[in-house]
Amino acid sequence: MPDPNRTWTAALIVIGDEILSGRTQDRNVAQIATWLNVQGIRLAEVRVVADDQPAIVEAVNILRARNDYLFTTGGIGPTHDDITVDAIAAALGVEVIVHPKAWAVLESYYETRGGLTDARLRMARVPDGASLIENRMSGAPGIRHGNILIMAGVPSITAGMLEALTGTLEGGSPLLATTIGCWVAESEVADLLGKTERAHEGCQIGSYPFFRDGRTGANFVVRSTDPARLDACVSALTDALEQGGWPVHPGGI
């Protein structure tokens, strides 16, 4: 059984000049965070770094030390600027090797796709001591070394790698969430939100204001690992809002 008092955490490093330049919009943060919640692991922090080995090494060594898991996305392709494997190997103080199973997987995948070129073989390179994460979409596997999980940058490929990892990481209780919404300015209910959260141990209330159709509103997301505590907090918050004259929309607005 998961330890209810243990909070497992993960960090994510998003690697790539294309993210920092704005040419590519990252979609991996949301899908990895959502997947981690189901595994009972909290995404505690995210860092975006350039295709720069010293920057990657620094981020890897800081974040892997203060979290149970470290995920990286990007920089494991066939081109010269895909340096994630080299950087993580440097951070770990190990050599880069060609993984024999990865070689075999790539050789089979590219047998009818032009063959295994030197560039494609780069995707079989791993930090020494690593194992592989299955990639059913494009052949090139992800990589795991201790608590570091090295994923693709393409969101659809990352999704497949996450599927392959499902149930394999040790974690705690899944984080549950319920959303309610009101047509109310966030500032009007700030004290009410804080009071309700303090009265319900083990619950957190997030407030997300918006302006729509000429009106101000907010959605409130209540989170907890305990279903009974979650339900009690949502019920109390709903009652308090409606008593204040703000009708509640279950599921949010």
# chains A, B, ... in the order shown; residues from 1 in each chain; ligands from 1

$ select_by_dssp --residues "range 74-129 of chain A" --states "strand (DSSP E)" --output "list in words"
Val96, Ile97, Val98, Arg125, Val126 and Pro127 of chain A

$ write_last_selection --atoms "all heavy atoms" --output "PDB file, in the first residue's frame"
ATOM      1  N   VAL A  96      29.405   7.188 -22.818  1.00  0.00           N
ATOM      2  CA  VAL A  96      28.293   6.929 -23.720  1.00  0.00           C
ATOM      3  C   VAL A  96      28.612   5.665 -24.511  1.00  0.00           C
ATOM      4  O   VAL A  96      29.708   5.537 -25.067  1.00  0.00           O
ATOM      5  CB  VAL A  96      28.065   8.105 -24.687  1.00  0.00           C
ATOM      6  CG1 VAL A  96      26.992   7.754 -25.714  1.00  0.00           C
ATOM      7  CG2 VAL A  96      27.666   9.357 -23.915  1.00  0.00           C
ATOM      8  N   ILE A  97      27.649   4.725 -24.537  1.00  0.00           N
ATOM      9  CA  ILE A  97      27.842   3.489 -25.279  1.00  0.00           C
ATOM     10  C   ILE A  97      26.663   3.286 -26.241  1.00  0.00           C
ATOM     11  O   ILE A  97      25.626   3.939 -26.108  1.00  0.00           O
ATOM     12  CB  ILE A  97      27.949   2.261 -24.346  1.00  0.00           C
ATOM     13  CG1 ILE A  97      26.617   2.041 -23.611  1.00  0.00           C
ATOM     14  CG2 ILE A  97      29.107   2.425 -23.374  1.00  0.00           C
ATOM     15  CD1 ILE A  97      26.515   0.688 -22.928  1.00  0.00           C
ATOM     16  N   VAL A  98      26.823   2.413 -27.195  1.00  0.00           N
ATOM     17  CA  VAL A  98      25.718   1.997 -28.049  1.00  0.00           C
ATOM     18  C   VAL A  98      25.065   0.794 -27.386  1.00  0.00           C
ATOM     19  O   VAL A  98      25.716  -0.248 -27.192  1.00  0.00           O
ATOM     20  CB  VAL A  98      26.201   1.653 -29.466  1.00  0.00           C
ATOM     21  CG1 VAL A  98      25.044   1.071 -30.283  1.00  0.00           C
ATOM     22  CG2 VAL A  98      26.755   2.897 -30.155  1.00  0.00           C
ATOM     23  N   ARG A 125      22.501   5.337 -28.748  1.00  0.00           N
ATOM     24  CA  ARG A 125      23.506   5.728 -27.752  1.00  0.00           C
ATOM     25  C   ARG A 125      22.849   6.015 -26.408  1.00  0.00           C
ATOM     26  O   ARG A 125      21.816   6.674 -26.342  1.00  0.00           O
ATOM     27  CB  ARG A 125      24.276   6.957 -28.230  1.00  0.00           C
ATOM     28  CG  ARG A 125      25.025   6.719 -29.537  1.00  0.00           C
ATOM     29  CD  ARG A 125      25.466   8.012 -30.191  1.00  0.00           C
ATOM     30  NE  ARG A 125      26.551   8.658 -29.461  1.00  0.00           N
ATOM     31  CZ  ARG A 125      26.420   9.773 -28.752  1.00  0.00           C
ATOM     32  NH1 ARG A 125      25.259  10.390 -28.667  1.00  0.00           N
ATOM     33  NH2 ARG A 125      27.462  10.290 -28.144  1.00  0.00           N
ATOM     34  N   VAL A 126      23.450   5.510 -25.329  1.00  0.00           N
ATOM     35  CA  VAL A 126      22.907   5.707 -23.983  1.00  0.00           C
ATOM     36  C   VAL A 126      24.057   5.933 -23.010  1.00  0.00           C
ATOM     37  O   VAL A 126      25.189   5.506 -23.269  1.00  0.00           O
ATOM     38  CB  VAL A 126      22.078   4.487 -23.518  1.00  0.00           C
ATOM     39  CG1 VAL A 126      20.951   4.166 -24.502  1.00  0.00           C
ATOM     40  CG2 VAL A 126      22.958   3.266 -23.300  1.00  0.00           C
ATOM     41  N   PRO A 127      23.790   6.571 -21.861  1.00  0.00           N
ATOM     42  CA  PRO A 127      24.803   6.581 -20.797  1.00  0.00           C
ATOM     43  C   PRO A 127      25.032   5.148 -20.305  1.00  0.00           C
ATOM     44  O   PRO A 127      24.073   4.393 -20.127  1.00  0.00           O
ATOM     45  CB  PRO A 127      24.167   7.446 -19.711  1.00  0.00           C
ATOM     46  CG  PRO A 127      23.111   8.250 -20.413  1.00  0.00           C
ATOM     47  CD  PRO A 127      22.606   7.362 -21.505  1.00  0.00           C
TER      48      PRO A 127
END

$ residues_around --residues "range 45-61 of chain A" --least-positions-apart "2" --cutoff "10 Å" --atoms "only C-alpha atoms" --output "ChimeraX atom specification"
/A:9-21,26,29,42-43,63-67,70-75,81-92,148

$ write_last_selection --atoms "N, CA and C atoms" --output "compact mmCIF listing (two decimals), in the first residue's frame"
# COMPACT_ATOMS: atom_id res chain seq x y z
N THR A 9 8.09 12.98 -5.60
CA THR A 9 8.17 14.13 -6.50
C THR A 9 9.02 13.82 -7.73
N ALA A 10 8.74 14.57 -8.77
CA ALA A 10 9.53 14.49 -10.00
C ALA A 10 9.79 15.90 -10.50
N ALA A 11 10.88 16.04 -11.22
CA ALA A 11 11.18 17.28 -11.94
C ALA A 11 11.25 16.97 -13.43
N LEU A 12 11.09 17.99 -14.22
CA LEU A 12 11.16 17.84 -15.68
C LEU A 12 12.08 18.90 -16.26
N ILE A 13 13.00 18.46 -17.10
CA ILE A 13 13.83 19.39 -17.87
C ILE A 13 13.39 19.30 -19.32
N VAL A 14 12.92 20.41 -19.86
CA VAL A 14 12.55 20.49 -21.27
C VAL A 14 13.76 21.06 -22.01
N ILE A 15 14.30 20.29 -22.93
CA ILE A 15 15.56 20.65 -23.57
C ILE A 15 15.32 21.03 -25.02
N GLY A 16 15.83 22.20 -25.42
CA GLY A 16 15.75 22.55 -26.84
C GLY A 16 15.73 24.04 -27.10
N ASP A 17 16.59 24.47 -28.01
CA ASP A 17 16.60 25.88 -28.43
C ASP A 17 15.26 26.27 -29.04
N GLU A 18 14.59 25.30 -29.71
CA GLU A 18 13.34 25.63 -30.39
C GLU A 18 12.23 25.99 -29.41
N ILE A 19 12.29 25.48 -28.19
CA ILE A 19 11.31 25.85 -27.17
C ILE A 19 11.58 27.27 -26.69
N LEU A 20 12.84 27.56 -26.41
CA LEU A 20 13.21 28.88 -25.88
C LEU A 20 13.04 29.98 -26.92
N SER A 21 13.15 29.64 -28.20
CA SER A 21 13.00 30.65 -29.24
C SER A 21 11.54 30.96 -29.52
N ASP A 26 5.73 23.90 -26.18
CA ASP A 26 5.82 22.65 -25.44
C ASP A 26 4.44 22.14 -25.04
N VAL A 29 4.80 19.18 -20.80
CA VAL A 29 4.64 19.46 -19.36
C VAL A 29 3.28 18.99 -18.87
N ARG A 42 4.16 13.74 -7.76
CA ARG A 42 3.88 15.15 -8.05
C ARG A 42 4.98 15.75 -8.90
N LEU A 43 4.59 16.45 -9.95
CA LEU A 43 5.58 17.23 -10.71
C LEU A 43 5.86 18.49 -9.93
N LEU A 63 18.46 18.87 -10.13
CA LEU A 63 17.09 18.39 -10.02
C LEU A 63 17.01 16.91 -9.66
N ARG A 64 17.97 16.10 -10.10
CA ARG A 64 17.91 14.68 -9.75
C ARG A 64 18.21 14.46 -8.28
N ALA A 65 18.95 15.40 -7.68
CA ALA A 65 19.32 15.24 -6.27
C ALA A 65 18.17 15.58 -5.33
N ARG A 66 17.26 16.45 -5.74
CA ARG A 66 16.21 16.86 -4.80
C ARG A 66 14.82 16.36 -5.17
N ASN A 67 14.76 15.41 -6.11
CA ASN A 67 13.49 14.78 -6.46
C ASN A 67 13.67 13.28 -6.58
N LEU A 70 13.64 12.30 -12.19
CA LEU A 70 13.91 13.41 -13.10
C LEU A 70 13.59 12.95 -14.52
N PHE A 71 12.68 13.65 -15.17
CA PHE A 71 12.37 13.40 -16.57
C PHE A 71 13.03 14.48 -17.43
N THR A 72 13.48 14.08 -18.61
CA THR A 72 13.91 15.06 -19.60
C THR A 72 13.16 14.78 -20.90
N THR A 73 12.88 15.84 -21.66
CA THR A 73 12.29 15.67 -22.98
C THR A 73 13.13 16.45 -23.99
N GLY A 74 13.35 15.82 -25.14
CA GLY A 74 14.06 16.49 -26.23
C GLY A 74 15.53 16.14 -26.29
N GLY A 75 16.09 16.28 -27.49
CA GLY A 75 17.52 16.15 -27.67
C GLY A 75 18.06 14.74 -27.72
N ASP A 81 22.85 18.32 -33.04
CA ASP A 81 22.48 19.15 -31.89
C ASP A 81 21.67 18.37 -30.85
N ASP A 82 21.49 17.08 -31.05
CA ASP A 82 20.83 16.24 -30.05
C ASP A 82 21.89 15.75 -29.07
N ILE A 83 22.07 16.50 -27.99
CA ILE A 83 23.20 16.27 -27.09
C ILE A 83 22.77 15.82 -25.70
N THR A 84 21.48 15.49 -25.54
CA THR A 84 21.00 15.14 -24.21
C THR A 84 21.73 13.93 -23.62
N VAL A 85 21.91 12.88 -24.42
CA VAL A 85 22.57 11.68 -23.92
C VAL A 85 23.98 12.00 -23.46
N ASP A 86 24.72 12.76 -24.26
CA ASP A 86 26.10 13.12 -23.89
C ASP A 86 26.12 13.94 -22.61
N ALA A 87 25.18 14.89 -22.50
CA ALA A 87 25.15 15.75 -21.33
C ALA A 87 24.82 14.97 -20.06
N ILE A 88 23.84 14.07 -20.16
CA ILE A 88 23.46 13.30 -18.96
C ILE A 88 24.57 12.33 -18.58
N ALA A 89 25.23 11.74 -19.56
CA ALA A 89 26.38 10.88 -19.26
C ALA A 89 27.45 11.68 -18.53
N ALA A 90 27.69 12.91 -18.98
CA ALA A 90 28.68 13.76 -18.32
C ALA A 90 28.25 14.08 -16.89
N ALA A 91 26.96 14.35 -16.70
CA ALA A 91 26.46 14.64 -15.36
C ALA A 91 26.63 13.45 -14.42
N LEU A 92 26.49 12.24 -14.97
CA LEU A 92 26.60 11.03 -14.17
C LEU A 92 28.04 10.53 -14.04
N ILE A 148 16.64 8.83 -13.48
CA ILE A 148 16.53 9.73 -14.63
C ILE A 148 15.84 9.00 -15.78

$ closest_residue --among "A:Cys182, A:Leu149, A:Ala140, A:Ile76" --to "Leu116 in chain A" --atoms "only C-alpha atoms"
A:Ala140

$ select_by_dssp --residues "range 10-241 of chain A" --states "helix (DSSP H, G or I)" --output "VMD selection string"
chain A and resid 17 to 21 28 to 39 53 to 65 84 to 92 100 to 112 118 to 124 155 to 165 186 to 188 190 to 198 227 to 241

$ atom_distance --atom1 "CA of Leu169 in chain A" --atom2 "CA of Ala33 in chain A"
14.2 Å

$ closest_residue --among "A:Cys233, A:Lys101, A:Ser138, A:Phe210" --to "Glu197 in chain A" --atoms "only C-alpha atoms"
A:Cys233

$ atom_distance --atom1 "CA of Glu134 in chain A" --atom2 "CA of Met161 in chain A"
6.1 Å

$ closest_residue --among "A:Gly171, A:Gly146, A:Pro141, A:Gly202" --to "Ala102 in chain A" --atoms "only C-alpha atoms"
A:Pro141

$ residues_around --residues "Arg144 in chain A" --least-positions-apart "3" --cutoff "9 Å" --atoms "only C-alpha atoms" --output "short mmCIF file (atom, residue, chain, number, x, y, z; two decimals) with all heavy atoms, in the first residue's frame"
data_model
loop_
_atom_site.label_atom_id
_atom_site.label_comp_id
_atom_site.auth_asym_id
_atom_site.auth_seq_id
_atom_site.Cartn_x
_atom_site.Cartn_y
_atom_site.Cartn_z
N VAL A 126 23.45 5.51 -25.33
CA VAL A 126 22.91 5.71 -23.98
C VAL A 126 24.06 5.93 -23.01
O VAL A 126 25.19 5.51 -23.27
CB VAL A 126 22.08 4.49 -23.52
CG1 VAL A 126 20.95 4.17 -24.50
CG2 VAL A 126 22.96 3.27 -23.30
N GLY A 129 25.20 1.87 -18.45
CA GLY A 129 24.42 1.42 -17.30
C GLY A 129 22.93 1.66 -17.44
O GLY A 129 22.16 1.30 -16.55
N ALA A 130 22.52 2.24 -18.56
CA ALA A 130 21.11 2.57 -18.75
C ALA A 130 20.31 1.38 -19.25
O ALA A 130 20.84 0.45 -19.85
CB ALA A 130 20.98 3.72 -19.75
N SER A 131 18.99 1.43 -19.00
CA SER A 131 18.04 0.51 -19.60
C SER A 131 17.17 1.30 -20.57
O SER A 131 17.28 2.54 -20.67
CB SER A 131 17.19 -0.17 -18.53
OG SER A 131 16.50 0.79 -17.75
N LEU A 132 16.30 0.61 -21.31
CA LEU A 132 15.53 1.26 -22.36
C LEU A 132 14.06 1.40 -21.98
O LEU A 132 13.52 0.61 -21.21
CB LEU A 132 15.63 0.46 -23.66
CG LEU A 132 17.05 0.20 -24.19
CD1 LEU A 132 16.97 -0.60 -25.48
CD2 LEU A 132 17.79 1.52 -24.41
N ILE A 133 13.42 2.43 -22.54
CA ILE A 133 11.98 2.65 -22.43
C ILE A 133 11.40 2.40 -23.81
O ILE A 133 11.81 3.03 -24.79
CB ILE A 133 11.66 4.08 -21.96
CG1 ILE A 133 12.33 4.36 -20.62
CG2 ILE A 133 10.14 4.29 -21.87
CD1 ILE A 133 12.28 5.83 -20.23
N ASN A 147 17.26 7.17 -11.42
CA ASN A 147 16.01 7.93 -11.30
C ASN A 147 15.82 8.93 -12.43
O ASN A 147 14.93 9.78 -12.36
CB ASN A 147 15.96 8.66 -9.94
CG ASN A 147 16.92 9.83 -9.85
OD1 ASN A 147 17.95 9.86 -10.55
ND2 ASN A 147 16.62 10.79 -8.99
N ILE A 148 16.64 8.83 -13.48
CA ILE A 148 16.53 9.73 -14.63
C ILE A 148 15.84 9.00 -15.78
O ILE A 148 16.24 7.90 -16.16
CB ILE A 148 17.91 10.23 -15.08
CG1 ILE A 148 18.64 10.93 -13.93
CG2 ILE A 148 17.78 11.17 -16.28
CD1 ILE A 148 20.06 11.34 -14.26
N LEU A 149 14.82 9.64 -16.33
CA LEU A 149 14.07 9.06 -17.45
C LEU A 149 14.15 10.03 -18.62
O LEU A 149 13.67 11.16 -18.54
CB LEU A 149 12.63 8.79 -17.04
CG LEU A 149 12.55 7.79 -15.86
CD1 LEU A 149 12.15 8.52 -14.59
CD2 LEU A 149 11.61 6.66 -16.16
N ILE A 150 14.77 9.59 -19.71
CA ILE A 150 15.10 10.44 -20.85
C ILE A 150 14.10 10.13 -21.96
O ILE A 150 14.09 9.03 -22.51
CB ILE A 150 16.54 10.16 -21.32
CG1 ILE A 150 17.53 10.31 -20.14
CG2 ILE A 150 16.92 11.11 -22.45
CD1 ILE A 150 18.92 9.78 -20.43
N MET A 151 13.25 11.14 -22.27
CA MET A 151 12.13 10.93 -23.18
C MET A 151 12.31 11.74 -24.46
O MET A 151 13.09 12.69 -24.52
CB MET A 151 10.83 11.36 -22.50
CG MET A 151 10.70 10.97 -21.04
SD MET A 151 10.38 9.22 -20.81
CE MET A 151 8.65 9.18 -21.20
#

$ residues_around --residues "Ile205 in chain A" --least-positions-apart "5" --cutoff "9 Å" --atoms "only C-alpha atoms" --output "VMD selection string"
chain A and resid 193 to 194 196 to 197 220 to 223 233

$ write_last_selection --atoms "N, CA and C atoms" --output "PDB file, in the first residue's frame"
ATOM      1  N   LEU A 193     -11.797  31.198   0.390  1.00  0.00           N
ATOM      2  CA  LEU A 193     -11.001  30.080  -0.102  1.00  0.00           C
ATOM      3  C   LEU A 193      -9.945  29.658   0.912  1.00  0.00           C
ATOM      4  N   GLY A 194      -9.246  30.652   1.445  1.00  0.00           N
ATOM      5  CA  GLY A 194      -8.197  30.364   2.423  1.00  0.00           C
ATOM      6  C   GLY A 194      -8.752  29.709   3.681  1.00  0.00           C
ATOM      7  N   THR A 196     -11.523  27.954   3.971  1.00  0.00           N
ATOM      8  CA  THR A 196     -11.983  26.593   3.671  1.00  0.00           C
ATOM      9  C   THR A 196     -10.810  25.634   3.571  1.00  0.00           C
ATOM     10  N   GLU A 197      -9.742  26.046   2.925  1.00  0.00           N
ATOM     11  CA  GLU A 197      -8.577  25.173   2.800  1.00  0.00           C
ATOM     12  C   GLU A 197      -7.979  24.866   4.168  1.00  0.00           C
ATOM     13  N   PHE A 220     -12.496  26.881  -9.379  1.00  0.00           N
ATOM     14  CA  PHE A 220     -11.766  26.472  -8.179  1.00  0.00           C
ATOM     15  C   PHE A 220     -11.524  24.965  -8.247  1.00  0.00           C
ATOM     16  N   VAL A 221     -10.255  24.587  -8.168  1.00  0.00           N
ATOM     17  CA  VAL A 221      -9.885  23.183  -8.245  1.00  0.00           C
ATOM     18  C   VAL A 221      -9.434  22.725  -6.862  1.00  0.00           C
ATOM     19  N   VAL A 222     -10.160  21.753  -6.322  1.00  0.00           N
ATOM     20  CA  VAL A 222      -9.820  21.186  -5.017  1.00  0.00           C
ATOM     21  C   VAL A 222      -9.070  19.883  -5.260  1.00  0.00           C
ATOM     22  N   ARG A 223      -7.911  19.733  -4.609  1.00  0.00           N
ATOM     23  CA  ARG A 223      -7.069  18.551  -4.814  1.00  0.00           C
ATOM     24  C   ARG A 223      -6.776  17.876  -3.487  1.00  0.00           C
ATOM     25  N   CYS A 233     -14.289  18.775   1.445  1.00  0.00           N
ATOM     26  CA  CYS A 233     -13.825  20.130   1.148  1.00  0.00           C
ATOM     27  C   CYS A 233     -14.648  20.755   0.031  1.00  0.00           C
TER      28      CYS A 233
END

$ atom_distance --atom1 "CA of Thr112 in chain A" --atom2 "CA of Met137 in chain A"
15.1 Å

$ residues_around --residues "range 241-253 of chain A" --least-positions-apart "3" --cutoff "7 Å" --atoms "only C-alpha atoms" --output "PyMOL selection string"
chain A and resi 179-184+219+237-238

$ residues_around --residues "Thr166 in chain A" --least-positions-apart "6" --cutoff "12 Å" --atoms "only C-alpha atoms" --output "list in words"
Ile32, Trp35, Leu36, Asn37, Val38, Gln39, Gly40, Ile41, Ile133, Glu134, Ala159 and Gly160 of chain A

$ write_last_selection --atoms "C-alpha atoms" --output "tab-separated table (two decimals), in the first residue's frame"
chain	number	residue	atom	x	y	z
A	32	ILE	CA	3.70	14.36	-18.04
A	35	TRP	CA	0.42	11.07	-16.02
A	36	LEU	CA	2.54	11.53	-12.89
A	37	ASN	CA	-0.52	12.41	-10.80
A	38	VAL	CA	-2.07	9.06	-11.69
A	39	GLN	CA	1.17	7.32	-10.68
A	40	GLY	CA	1.05	9.04	-7.27
A	41	ILE	CA	3.96	11.34	-8.09
A	133	ILE	CA	11.98	2.65	-22.43
A	134	GLU	CA	9.90	1.10	-25.18
A	159	ALA	CA	2.87	9.70	-24.70
A	160	GLY	CA	3.76	6.22	-25.91

$ closest_residue --among "A:Val189, A:Val94, A:Ala44, A:Leu162" --to "Gly142 in chain A" --atoms "only C-alpha atoms"
A:Leu162

$ closest_residue --among "A:Ala185, A:Ala177, A:Ala164, A:Leu230" --to "Gly217 in chain A" --atoms "only C-alpha atoms"
A:Ala185
